[in-house]
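Below: run_3.pdb (PDB, C-alpha atoms)
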```pdb
ATOM      1  CA  MET Q  21     -10.776 -23.154   2.534
ATOM      2  CA  ASP Q  22     -12.842 -21.167   5.007
ATOM      3  CA  TYR Q  23     -10.298 -18.555   6.039
ATOM      4  CA  LEU Q  24     -12.672 -16.833   8.459
ATOM      5  CA  GLU Q  25     -13.242 -20.053  10.362
ATOM      6  CA  LYS Q  26      -9.529 -20.867  10.346
ATOM      7  CA  TYR Q  27      -8.658 -17.542  11.982
ATOM      8  CA  SER Q  28     -11.809 -17.359  14.135
ATOM      9  CA  TYR Q  29     -12.668 -14.016  12.622
ATOM     10  CA  LYS Q  30     -15.957 -12.432  11.623
ATOM     11  CA  PRO Q  31     -16.261  -8.755  10.691
ATOM     12  CA  THR Q  32     -18.813  -7.343  13.119
ATOM     13  CA  ASP Q  33     -19.978  -3.800  13.897
ATOM     14  CA  ILE Q  34     -17.469  -2.378  11.428
ATOM     15  CA  ASP Q  35     -19.473   0.766  10.679
ATOM     16  CA  ALA Q  36     -19.828   1.485  14.398
ATOM     17  CA  LYS Q  37     -16.118   0.884  14.996
ATOM     18  CA  VAL Q  38     -15.191   3.330  12.237
ATOM     19  CA  ALA Q  39     -17.666   5.866  13.624
ATOM     20  CA  ASP Q  40     -15.937   5.530  17.007
ATOM     21  CA  VAL Q  41     -12.539   6.290  15.441
ATOM     22  CA  ARG Q  42     -14.046   9.303  13.683
ATOM     23  CA  SER Q  43     -15.417  10.550  17.007
ATOM     24  CA  LYS Q  44     -11.898  10.474  18.444
ATOM     25  CA  ILE Q  45     -10.146  11.861  15.354
ATOM     26  CA  ASP Q  46      -8.752  14.896  17.184
ATOM     27  CA  ALA Q  47      -6.259  12.542  18.864
ATOM     28  CA  TRP Q  48      -4.604  12.036  15.477
ATOM     29  CA  LYS Q  49      -5.121  15.476  13.918
ATOM     30  CA  ASN Q  50      -1.805  16.982  14.919
ATOM     31  CA  LYS Q  51       1.597  17.822  13.490
ATOM     32  CA  GLN Q  52       3.324  14.833  15.065
ATOM     33  CA  VAL Q  53       1.040  12.419  13.201
ATOM     34  CA  TRP Q  54       1.221  14.410   9.960
ATOM     35  CA  CYS Q  55       5.010  14.424  10.142
ATOM     36  CA  GLN Q  56       5.081  10.653  10.630
ATOM     37  CA  ALA Q  57       2.558  10.154   7.833
ATOM     38  CA  LEU Q  58       4.748  12.139   5.433
ATOM     39  CA  GLY Q  59       7.480   9.560   5.908
ATOM     40  CA  MET Q  60       5.008   6.734   5.207
ATOM     41  CA  ILE Q  61       3.945   7.905   1.756
ATOM     42  CA  ASP Q  62       4.545   5.929  -1.417
ATOM     43  CA  LEU Q  63       4.713   9.023  -3.636
ATOM     44  CA  THR Q  64       2.793   7.820  -6.656
ATOM     45  CA  SER Q  65       2.580   8.590 -10.354
ATOM     46  CA  LEU Q  66       0.528   6.120 -12.383
ATOM     47  CA  THR Q  67      -0.812   8.004 -15.371
ATOM     48  CA  VAL Q  68      -0.856   7.423 -19.106
ATOM     49  CA  SER Q  69       1.336  10.502 -19.536
ATOM     50  CA  ASP Q  70       4.204   9.328 -17.309
ATOM     51  CA  THR Q  71       7.559   9.628 -19.061
ATOM     52  CA  PRO Q  72      11.154   9.037 -17.980
ATOM     53  CA  THR Q  73      11.663  12.821 -17.938
ATOM     54  CA  LYS Q  74       8.675  13.318 -15.625
ATOM     55  CA  ILE Q  75       9.677  10.524 -13.246
ATOM     56  CA  ALA Q  76      13.324  11.635 -13.158
ATOM     57  CA  ALA Q  77      12.160  15.126 -12.154
ATOM     58  CA  MET Q  78       9.910  13.617  -9.468
ATOM     59  CA  THR Q  79      12.861  11.615  -8.158
ATOM     60  CA  GLU Q  80      15.011  14.723  -8.039
ATOM     61  CA  LYS Q  81      12.369  16.409  -5.880
ATOM     62  CA  VAL Q  82      12.641  13.511  -3.422
ATOM     63  CA  ASN Q  83      16.446  13.637  -3.595
ATOM     64  CA  GLU Q  84      16.431  17.322  -2.669
ATOM     65  CA  PHE Q  85      13.660  17.143  -0.077
ATOM     66  CA  SER Q  86      15.862  16.754   3.003
ATOM     67  CA  GLY Q  87      17.840  19.811   2.017
ATOM     68  CA  VAL Q  88      14.716  21.930   1.672
ATOM     69  CA  TYR Q  89      12.788  20.489   4.637
ATOM     70  CA  PRO Q  90      15.378  18.918   6.975
ATOM     71  CA  GLN Q  91      12.843  18.872   9.808
ATOM     72  CA  TYR Q  92      10.580  16.355   8.039
ATOM     73  CA  PRO Q  93      11.063  12.787   6.801
ATOM     74  CA  ARG Q  94      10.925  12.361   3.056
ATOM     75  CA  PRO Q  95       8.431   9.936   1.469
ATOM     76  CA  ALA Q  96       9.186   6.251   1.978
ATOM     77  CA  SER Q  97       9.188   5.375  -1.711
ATOM     78  CA  ILE Q  98       8.345   6.472  -5.230
ATOM     79  CA  CYS Q  99       5.669   4.322  -6.885
ATOM     80  CA  VAL Q 100       5.555   3.997 -10.681
ATOM     81  CA  TYR Q 101       4.783   1.634 -13.532
ATOM     82  CA  PRO Q 102       7.351  -1.186 -13.829
ATOM     83  CA  ASN Q 103       9.033   0.128 -16.977
ATOM     84  CA  LEU Q 104       9.994   3.270 -15.058
ATOM     85  CA  ALA Q 105      11.706   1.596 -12.108
ATOM     86  CA  LYS Q 106      15.109   1.969 -13.764
ATOM     87  CA  THR Q 107      14.514   5.690 -14.241
ATOM     88  CA  ILE Q 108      14.294   6.087 -10.466
ATOM     89  CA  ALA Q 109      17.210   3.710  -9.873
ATOM     90  CA  ASP Q 110      19.392   5.850 -12.140
ATOM     91  CA  ALA Q 111      18.215   9.156 -10.653
ATOM     92  CA  ARG Q 112      17.964   8.491  -6.916
ATOM     93  CA  TYR Q 113      20.862   9.542  -4.718
ATOM     94  CA  GLY Q 114      20.704   6.489  -2.470
ATOM     95  CA  LYS Q 115      18.872   3.239  -1.890
ATOM     96  CA  GLU Q 116      17.150   4.650   1.178
ATOM     97  CA  ILE Q 117      14.680   6.058  -1.366
ATOM     98  CA  HIS Q 118      12.737   2.914  -2.169
ATOM     99  CA  ILE Q 119      11.354   2.118  -5.597
ATOM    100  CA  THR Q 120       7.845   0.690  -5.681
ATOM    101  CA  ALA Q 121       6.697  -0.747  -9.001
ATOM    102  CA  VAL Q 122       3.147  -1.841  -9.747
ATOM    103  CA  GLY Q 123       3.156  -5.095 -11.689
ATOM    104  CA  GLY Q 124       1.365  -8.300 -12.502
ATOM    105  CA  GLY Q 125      -0.953  -6.801 -15.073
ATOM    106  CA  PHE Q 126      -1.844  -3.742 -12.977
ATOM    107  CA  PRO Q 127      -4.546  -2.505 -12.506
ATOM    108  CA  ALA Q 128      -6.912  -5.361 -13.469
ATOM    109  CA  SER Q 129      -4.606  -8.386 -13.093
ATOM    110  CA  GLN Q 130      -6.154  -9.741 -16.294
ATOM    111  CA  THR Q 131      -3.261 -11.376 -18.091
ATOM    112  CA  PHE Q 132      -1.296 -14.615 -18.119
ATOM    113  CA  LEU Q 133       0.576 -15.662 -14.986
ATOM    114  CA  ASN Q 134       3.865 -16.028 -16.875
ATOM    115  CA  VAL Q 135       3.447 -12.454 -18.096
ATOM    116  CA  LYS Q 136       2.756 -11.241 -14.550
ATOM    117  CA  ILE Q 137       5.842 -13.002 -13.245
ATOM    118  CA  ALA Q 138       8.045 -11.728 -16.070
ATOM    119  CA  GLU Q 139       6.880  -8.149 -15.518
ATOM    120  CA  CYS Q 140       7.521  -8.248 -11.779
ATOM    121  CA  VAL Q 141      10.922  -9.916 -12.171
ATOM    122  CA  ALA Q 142      11.968  -7.352 -14.786
ATOM    123  CA  ALA Q 143      11.037  -4.517 -12.427
ATOM    124  CA  VAL Q 144      13.095  -6.023  -9.601
ATOM    125  CA  LYS Q 145      16.061  -6.484 -11.938
ATOM    126  CA  ASP Q 146      15.705  -2.803 -12.833
ATOM    127  CA  GLY Q 147      15.962  -1.838  -9.165
ATOM    128  CA  ALA Q 148      12.466  -2.086  -7.659
ATOM    129  CA  ASP Q 149      12.585  -2.680  -3.897
ATOM    130  CA  GLU Q 150       8.843  -3.258  -3.594
ATOM    131  CA  ILE Q 151       6.278  -4.746  -5.958
ATOM    132  CA  ASP Q 152       2.554  -3.990  -5.767
ATOM    133  CA  ILE Q 153       0.308  -6.534  -7.504
ATOM    134  CA  VAL Q 154      -3.462  -6.868  -7.720
ATOM    135  CA  LEU Q 155      -5.364  -9.857  -6.350
ATOM    136  CA  ALA Q 156      -6.552 -12.059  -9.219
ATOM    137  CA  HIS Q 157     -10.275 -11.354  -9.003
ATOM    138  CA  ASN Q 158     -10.904 -13.647 -11.972
ATOM    139  CA  SER Q 159      -9.940 -16.531  -9.665
ATOM    140  CA  PHE Q 160     -11.046 -15.117  -6.328
ATOM    141  CA  CYS Q 161     -14.564 -14.162  -7.370
ATOM    142  CA  ASP Q 162     -15.062 -17.628  -8.892
ATOM    143  CA  GLY Q 163     -14.173 -19.192  -5.560
ATOM    144  CA  ARG Q 164     -10.940 -20.673  -6.933
ATOM    145  CA  TYR Q 165      -8.957 -19.604  -3.916
ATOM    146  CA  ASP Q 166      -6.108 -22.073  -4.481
ATOM    147  CA  ASP Q 167      -5.492 -20.637  -7.964
ATOM    148  CA  CYS Q 168      -5.626 -17.114  -6.599
ATOM    149  CA  ALA Q 169      -3.171 -17.897  -3.807
ATOM    150  CA  LYS Q 170      -0.827 -19.730  -6.170
ATOM    151  CA  GLU Q 171      -0.464 -16.629  -8.328
ATOM    152  CA  ILE Q 172       0.682 -14.627  -5.308
ATOM    153  CA  SER Q 173       3.063 -17.295  -4.062
ATOM    154  CA  ASP Q 174       4.545 -17.859  -7.536
ATOM    155  CA  ILE Q 175       5.160 -14.144  -8.032
ATOM    156  CA  LYS Q 176       6.677 -13.849  -4.548
ATOM    157  CA  ALA Q 177       9.007 -16.792  -5.170
ATOM    158  CA  ALA Q 178      10.123 -15.340  -8.501
ATOM    159  CA  ILE Q 179      10.942 -11.858  -7.203
ATOM    160  CA  VAL Q 180      12.738 -12.977  -4.052
ATOM    161  CA  SER Q 181      14.893 -15.253  -6.207
ATOM    162  CA  VAL Q 182      16.218 -12.039  -7.774
ATOM    163  CA  ASN Q 183      16.372  -9.979  -4.585
ATOM    164  CA  PRO Q 184      15.621 -11.720  -1.270
ATOM    165  CA  ALA Q 185      14.939  -8.355   0.378
ATOM    166  CA  VAL Q 186      12.173  -7.287  -2.028
ATOM    167  CA  HIS Q 187       8.707  -6.788  -0.515
ATOM    168  CA  LEU Q 188       5.417  -7.809  -2.099
ATOM    169  CA  LYS Q 189       2.263  -5.775  -1.548
ATOM    170  CA  VAL Q 190      -1.034  -7.339  -2.643
ATOM    171  CA  ILE Q 191      -3.808  -4.954  -3.645
ATOM    172  CA  LEU Q 192      -7.207  -6.415  -2.751
ATOM    173  CA  GLU Q 193      -9.220  -3.858  -4.765
ATOM    174  CA  THR Q 194     -11.750  -3.837  -1.949
ATOM    175  CA  GLY Q 195     -14.225  -1.679  -3.863
ATOM    176  CA  ALA Q 196     -14.818  -4.595  -6.234
ATOM    177  CA  LEU Q 197     -15.366  -7.159  -3.462
ATOM    178  CA  PRO Q 198     -18.919  -8.001  -2.313
ATOM    179  CA  GLY Q 199     -18.823  -7.106   1.349
ATOM    180  CA  TYR Q 200     -16.732  -7.288   4.489
ATOM    181  CA  GLU Q 201     -16.447 -11.087   4.614
ATOM    182  CA  ALA Q 202     -15.012 -11.145   1.105
ATOM    183  CA  ILE Q 203     -12.510  -8.454   2.097
ATOM    184  CA  ALA Q 204     -11.518 -10.519   5.125
ATOM    185  CA  THR Q 205     -11.180 -13.708   3.071
ATOM    186  CA  ALA Q 206      -9.007 -11.912   0.515
ATOM    187  CA  SER Q 207      -6.873 -10.465   3.329
ATOM    188  CA  PHE Q 208      -6.139 -13.857   4.893
ATOM    189  CA  LEU Q 209      -5.563 -15.488   1.503
ATOM    190  CA  ALA Q 210      -3.042 -12.841   0.472
ATOM    191  CA  MET Q 211      -1.166 -12.956   3.761
ATOM    192  CA  GLU Q 212      -0.945 -16.761   3.739
ATOM    193  CA  ALA Q 213       0.267 -16.701   0.120
ATOM    194  CA  GLY Q 214       3.212 -14.439   0.908
ATOM    195  CA  ALA Q 215       2.106 -10.811   0.961
ATOM    196  CA  ASP Q 216       4.349  -8.578   3.048
ATOM    197  CA  PHE Q 217       1.654  -5.871   2.893
ATOM    198  CA  ILE Q 218      -2.011  -5.887   2.021
ATOM    199  CA  LYS Q 219      -3.275  -2.798   0.237
ATOM    200  CA  THR Q 220      -6.811  -1.537  -0.269
ATOM    201  CA  SER Q 221      -7.065  -0.271  -3.821
ATOM    202  CA  THR Q 222      -5.533   0.649  -7.153
ATOM    203  CA  GLY Q 223      -7.325   3.979  -7.394
ATOM    204  CA  LYS Q 224      -8.379   2.949 -10.894
ATOM    205  CA  ILE Q 225     -12.022   1.967 -10.229
ATOM    206  CA  GLY Q 226     -15.009   3.889  -8.917
ATOM    207  CA  VAL Q 227     -14.694   2.845  -5.264
ATOM    208  CA  SER Q 228     -11.218   3.242  -3.799
ATOM    209  CA  ALA Q 229     -10.085   3.016  -0.183
ATOM    210  CA  THR Q 230     -12.751   3.247   2.497
ATOM    211  CA  PRO Q 231     -12.250   3.421   6.257
ATOM    212  CA  GLU Q 232     -14.537   0.412   6.675
ATOM    213  CA  ALA Q 233     -12.460  -1.780   4.352
ATOM    214  CA  ALA Q 234      -9.329  -0.560   6.118
ATOM    215  CA  TYR Q 235     -10.756  -1.510   9.505
ATOM    216  CA  VAL Q 236     -11.581  -5.036   8.338
ATOM    217  CA  MET Q 237      -8.130  -5.474   6.826
ATOM    218  CA  CYS Q 238      -6.428  -4.273   9.998
ATOM    219  CA  GLU Q 239      -8.494  -6.648  12.111
ATOM    220  CA  CYS Q 240      -7.400  -9.473   9.798
ATOM    221  CA  ILE Q 241      -3.750  -8.436  10.113
ATOM    222  CA  LYS Q 242      -4.194  -8.553  13.891
ATOM    223  CA  ALA Q 243      -5.821 -11.999  13.816
ATOM    224  CA  TYR Q 244      -3.105 -13.296  11.471
ATOM    225  CA  HIS Q 245      -0.373 -11.924  13.730
ATOM    226  CA  GLU Q 246      -1.957 -13.535  16.784
ATOM    227  CA  ALA Q 247      -2.116 -16.884  14.973
ATOM    228  CA  THR Q 248       1.308 -16.863  13.309
ATOM    229  CA  GLY Q 249       3.488 -14.220  14.979
ATOM    230  CA  LYS Q 250       4.041 -12.581  11.576
ATOM    231  CA  LYS Q 251       3.622  -8.833  11.183
ATOM    232  CA  ILE Q 252       2.043  -7.884   7.858
ATOM    233  CA  GLY Q 253       1.998  -4.275   6.697
ATOM    234  CA  PHE Q 254      -1.043  -2.250   5.672
ATOM    235  CA  LYS Q 255      -1.345   0.256   2.837
ATOM    236  CA  PRO Q 256      -4.472   2.332   2.217
ATOM    237  CA  ALA Q 257      -4.437   3.787  -1.287
ATOM    238  CA  GLY Q 258      -6.790   5.299  -3.820
ATOM    239  CA  GLY Q 259      -8.610   8.543  -3.117
ATOM    240  CA  LEU Q 260      -6.430   9.555  -0.170
ATOM    241  CA  SER Q 261      -5.266  13.129  -0.455
ATOM    242  CA  SER Q 262      -5.766  15.265   2.670
ATOM    243  CA  ALA Q 263      -4.100  15.540   6.056
ATOM    244  CA  GLU Q 264      -7.469  14.535   7.495
ATOM    245  CA  ASP Q 265      -7.360  11.315   5.445
ATOM    246  CA  ALA Q 266      -3.934  10.560   6.869
ATOM    247  CA  SER Q 267      -5.216  11.170  10.402
ATOM    248  CA  LEU Q 268      -8.226   8.882   9.928
ATOM    249  CA  TYR Q 269      -6.346   5.909   8.496
ATOM    250  CA  TYR Q 270      -3.469   6.393  10.950
ATOM    251  CA  GLY Q 271      -6.106   6.383  13.703
ATOM    252  CA  ILE Q 272      -7.602   3.123  12.446
ATOM    253  CA  VAL Q 273      -4.189   1.444  12.442
ATOM    254  CA  ASP Q 274      -3.390   2.831  15.895
ATOM    255  CA  THR Q 275      -6.755   1.654  17.249
ATOM    256  CA  VAL Q 276      -6.686  -1.864  15.820
ATOM    257  CA  LEU Q 277      -2.985  -2.734  15.599
ATOM    258  CA  GLY Q 278      -1.331  -0.341  18.012
ATOM    259  CA  SER Q 279       1.854   1.667  18.037
ATOM    260  CA  GLU Q 280       4.054  -1.165  16.721
ATOM    261  CA  TRP Q 281       2.466  -0.699  13.292
ATOM    262  CA  LEU Q 282       2.988   3.079  13.234
ATOM    263  CA  THR Q 283       6.211   2.898  11.222
ATOM    264  CA  SER Q 284       6.956   3.044   7.511
ATOM    265  CA  ALA Q 285       8.034  -0.600   7.720
ATOM    266  CA  LEU Q 286       4.402  -1.575   8.388
ATOM    267  CA  LEU Q 287       2.232   1.363   7.310
ATOM    268  CA  ARG Q 288       2.256   3.119   3.958
ATOM    269  CA  PHE Q 289      -0.066   5.583   2.265
ATOM    270  CA  GLY Q 290      -0.453   5.310  -1.496
ATOM    271  CA  ALA Q 291      -0.939   8.892  -2.589
ATOM    272  CA  SER Q 292       0.089  11.535  -5.066
ATOM    273  CA  ARG Q 293      -1.451  14.697  -3.596
ATOM    274  CA  MET Q 294      -1.186  13.852   0.099
ATOM    275  CA  ALA Q 295       2.481  14.840   0.406
ATOM    276  CA  ASN Q 296       1.817  18.474  -0.529
ATOM    277  CA  ASN Q 297      -1.287  18.580   1.660
ATOM    278  CA  LEU Q 298       0.609  17.231   4.658
ATOM    279  CA  LEU Q 299       3.375  19.756   4.079
ATOM    280  CA  SER Q 300       0.748  22.498   3.906
ATOM    281  CA  ALA Q 301      -0.776  21.340   7.194
ATOM    282  CA  LEU Q 302       2.642  21.202   8.828
ATOM    283  CA  GLU Q 303       3.748  24.592   7.519
ATOM    284  CA  GLY Q 304       0.411  26.334   8.047
ATOM    285  CA  LYS Q 305       0.366  27.592   4.473
ATOM    286  CA  GLU Q 306      -0.113  26.159   0.994
ATOM    287  CA  VAL Q 307       2.912  24.177  -0.171
ATOM    288  CA  LYS Q 308       3.310  22.772  -3.668
ATOM    289  CA  TYR Q 309       6.718  21.132  -3.412
ATOM    290  CA  PHE Q 310       6.012  17.869  -5.221
TER     291      PHE Q 310
END
```
Show me, as structure tokens, the structure contained in the file I just sent.
Amino acid sequence: MDYLEKYSYKPTDIDAKVADVRSKIDAWKNKQVWCQALGMIDLTSLTVSDTPTKIAAMTEKVNEFSGVYPQYPRPASICVYPNLAKTIADARYGKEIHITAVGGGFPASQTFLNVKIAECVAAVKDGADEIDIVLAHNSFCDGRYDDCAKEISDIKAAIVSVNPAVHLKVILETGALPGYEAIATASFLAMEAGADFIKTSTGKIGVSATPEAAYVMCECIKAYHEATGKKIGFKPAGGLSSAEDASLYYGIVDTVLGSEWLTSALLRFGASRMANNLLSALEGKEVKYF
């Protein structure tokens, strides 16, 4: 299928469009935006040294956040490997703290589909509210788009059979895709197959999120919404750490998609260091809370 033709979309002048957002960045470099961005973070720990003790302590920090900083929203979710979802479920004070689990053979998506499904289902049964999977590049880059889409739709069907409210985010790993048209094709494919969010990157390869990839993805979300009426969320992740990063990607979403997307229901930041850096920007001094 030619997804770009179907949605009458072609990525044009992307570098210039990003440069224009950068030129206007002061509009989004302020405490109001940083405060909103704090509440859009998927606070992430995806390291080889993650343990239940470490993740429980991280969850306790989120539990206590509103008591320490009542003037700011706490992060939208805590993002971990699937075997640690239950640790958060047991430690969180309430379900308003969402659990995001990466699954489906994260970060390379190089395993059997039945294994991917089983992993994602197990995470949902353990309490995950959101599942982040990686686009199957082994199908996509071979041009087997139907196979690639089927993986997404099969995983989505399996997890919603356990919890109809669970959300599926599909990571495109844009740094491994050969150009803007491939990013656009992957965006439309993922959305059609059942993604509730499309996400830039895993943070596990050399090229992570870029503003240019984000701009293309947001334009695709807009075109898909215009064609179907469905609102798909956007999540930049990988390499984001500063308040300035938050301002730039927030500005891209505001420019392309508008204020309706400026909510944690439709915009998330995948980050581990950004929360402390946003708090530092808001407080005007270095903060190392998380």
Using the chain letters and numbers from the file, give me the residues hit by the PyMOL selection byres ((chain Q and resi 210) around 9), as a list in words.
-> Leu155, Cys168, Ala169, Ile172, Ser173, Val190, Ile191, Leu192, Thr205, Ala206, Ser207, Phe208, Leu209, Met211, Glu212, Ala213, Gly214, Ala215, Asp216, Phe217 and Ile218 of chain Q
Taking the file above as input, evaluate the PyMOL selection byres ((chain Q and resi 120) around 6) and report the hits as a ChimeraX atom specification.
-> /Q:98-99,119,121,148,150-151
For the residues selected in the previous step, produce a file with C-alpha atoms as a tab-separated table (two decimals), in the coordinates of the input.
```tsv
chain	number	residue	atom	x	y	z
Q	98	ILE	CA	8.35	6.47	-5.23
Q	99	CYS	CA	5.67	4.32	-6.88
Q	119	ILE	CA	11.35	2.12	-5.60
Q	121	ALA	CA	6.70	-0.75	-9.00
Q	148	ALA	CA	12.47	-2.09	-7.66
Q	150	GLU	CA	8.84	-3.26	-3.59
Q	151	ILE	CA	6.28	-4.75	-5.96
```
Leaving out Ala202 in chain Q and any residue of its chain fewer than 4 positions from it, which residues lie within 10 Å of it when counting only C-alpha atoms, given as a ChimeraX atom specification?
-> /Q:24,31,160-161,192,194,196-198,206-207
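Within 8 Å of Gly290 in chain Q, once only C-alpha atoms are used and residues closer than 4 positions along the same chain are dropped, the contacting residues are Ile61, Asp62, Leu63, Thr64, Lys255, Pro256, Ala257, Gly258 and Leu260 of chain Q.
Distance-wise, CA of Asp152 in chain Q and CA of Ala111 in chain Q end up 21.0 Å apart.
Among the candidates Q:Pro231, Q:Pro184, Q:Gly278, Q:Pro102, the one nearest to Pro72 in chain Q when counting all atoms listed in the file is Q:Pro102.
Interatomic distance, CA of Glu139 in chain Q to CA of Gly226 in chain Q: 25.8 Å.
Straight-line separation from CA of Ser159 in chain Q to CA of Val276 in chain Q: 29.6 Å.
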Hits from the PyMOL selection byres ((chain Q and resi 105) around 7), listed as a list in words = Val100, Pro102, Asn103, Leu104, Lys106, Thr107, Ile108, Ala109, Ile119, Ala121, Ala143, Asp146, Gly147 and Ala148 of chain Q
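By chain and then residue number, the residues within 10 Å of Leu133 in chain Q are Gly124, Gly125, Ala138, Glu139, Ala156, Lys170, Glu171, Ile172, Asp174 and Ile175 of chain Q, counting all atoms listed in the file and disregarding those fewer than 5 positions away in sequence.
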Write out as a VMD selection string which residues come within 10 Å of Leu287 in chain Q when counting all atoms listed in the file, dropping same-chain ones fewer than 5 positions away.
-> chain Q and resid 57 59 to 61 217 to 219 252 to 256 269 to 270 273 280 to 282
Since we have the selection now, will you write its residues out, keeping C-alpha atoms, as a PDB file, in the coordinates of the input?
```pdb
ATOM      1  CA  ALA Q  57       2.558  10.154   7.833  1.00  0.00           C
ATOM      2  CA  GLY Q  59       7.480   9.560   5.908  1.00  0.00           C
ATOM      3  CA  MET Q  60       5.008   6.734   5.207  1.00  0.00           C
ATOM      4  CA  ILE Q  61       3.945   7.905   1.756  1.00  0.00           C
ATOM      5  CA  PHE Q 217       1.654  -5.871   2.893  1.00  0.00           C
ATOM      6  CA  ILE Q 218      -2.011  -5.887   2.021  1.00  0.00           C
ATOM      7  CA  LYS Q 219      -3.275  -2.798   0.237  1.00  0.00           C
ATOM      8  CA  ILE Q 252       2.043  -7.884   7.858  1.00  0.00           C
ATOM      9  CA  GLY Q 253       1.998  -4.275   6.697  1.00  0.00           C
ATOM     10  CA  PHE Q 254      -1.043  -2.250   5.672  1.00  0.00           C
ATOM     11  CA  LYS Q 255      -1.345   0.256   2.837  1.00  0.00           C
ATOM     12  CA  PRO Q 256      -4.472   2.332   2.217  1.00  0.00           C
ATOM     13  CA  TYR Q 269      -6.346   5.909   8.496  1.00  0.00           C
ATOM     14  CA  TYR Q 270      -3.469   6.393  10.950  1.00  0.00           C
ATOM     15  CA  VAL Q 273      -4.189   1.444  12.442  1.00  0.00           C
ATOM     16  CA  GLU Q 280       4.054  -1.165  16.721  1.00  0.00           C
ATOM     17  CA  TRP Q 281       2.466  -0.699  13.292  1.00  0.00           C
ATOM     18  CA  LEU Q 282       2.988   3.079  13.234  1.00  0.00           C
TER      19      LEU Q 282
END
```
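For the residues Q:Thr230, Q:Thr67, Q:Thr222, Q:Asn83, ranking by smallest atom-to-atom distance to Ile203 in chain Q using all atoms listed in the file places Q:Thr230 first.
Comparing Q:Tyr92, Q:Phe85, Q:Phe289, Q:Tyr200 by their smallest distance to Lys51 in chain Q, the closest is Q:Tyr92 (using only C-alpha atoms).
Nearest residue to Gly123 in chain Q among Q:Ala77, Q:Leu66, Q:Ile272, Q:Ile34 is Q:Leu66, counting all atoms listed in the file.
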Residues near Cys240 in chain Q, anyone? I mean within 9 Å using only C-alpha atoms, not counting same-chain ones fewer than 2 positions away, as an mmCIF file with C-alpha atoms, keeping the file's coordinate frame.
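Once everything was written out, this is result.cif:
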```cif
data_model
loop_
_atom_site.group_PDB
_atom_site.id
_atom_site.type_symbol
_atom_site.label_atom_id
_atom_site.label_comp_id
_atom_site.auth_asym_id
_atom_site.auth_seq_id
_atom_site.Cartn_x
_atom_site.Cartn_y
_atom_site.Cartn_z
ATOM 1 C CA TYR Q 27 -8.658 -17.542 11.982
ATOM 2 C CA TYR Q 29 -12.668 -14.016 12.622
ATOM 3 C CA PRO Q 31 -16.261 -8.755 10.691
ATOM 4 C CA ALA Q 204 -11.518 -10.519 5.125
ATOM 5 C CA THR Q 205 -11.180 -13.708 3.071
ATOM 6 C CA SER Q 207 -6.873 -10.465 3.329
ATOM 7 C CA PHE Q 208 -6.139 -13.857 4.893
ATOM 8 C CA TYR Q 235 -10.756 -1.510 9.505
ATOM 9 C CA VAL Q 236 -11.581 -5.036 8.338
ATOM 10 C CA MET Q 237 -8.130 -5.474 6.826
ATOM 11 C CA CYS Q 238 -6.428 -4.273 9.998
ATOM 12 C CA LYS Q 242 -4.194 -8.553 13.891
ATOM 13 C CA ALA Q 243 -5.821 -11.999 13.816
ATOM 14 C CA TYR Q 244 -3.105 -13.296 11.471
ATOM 15 C CA HIS Q 245 -0.373 -11.924 13.730
#
```
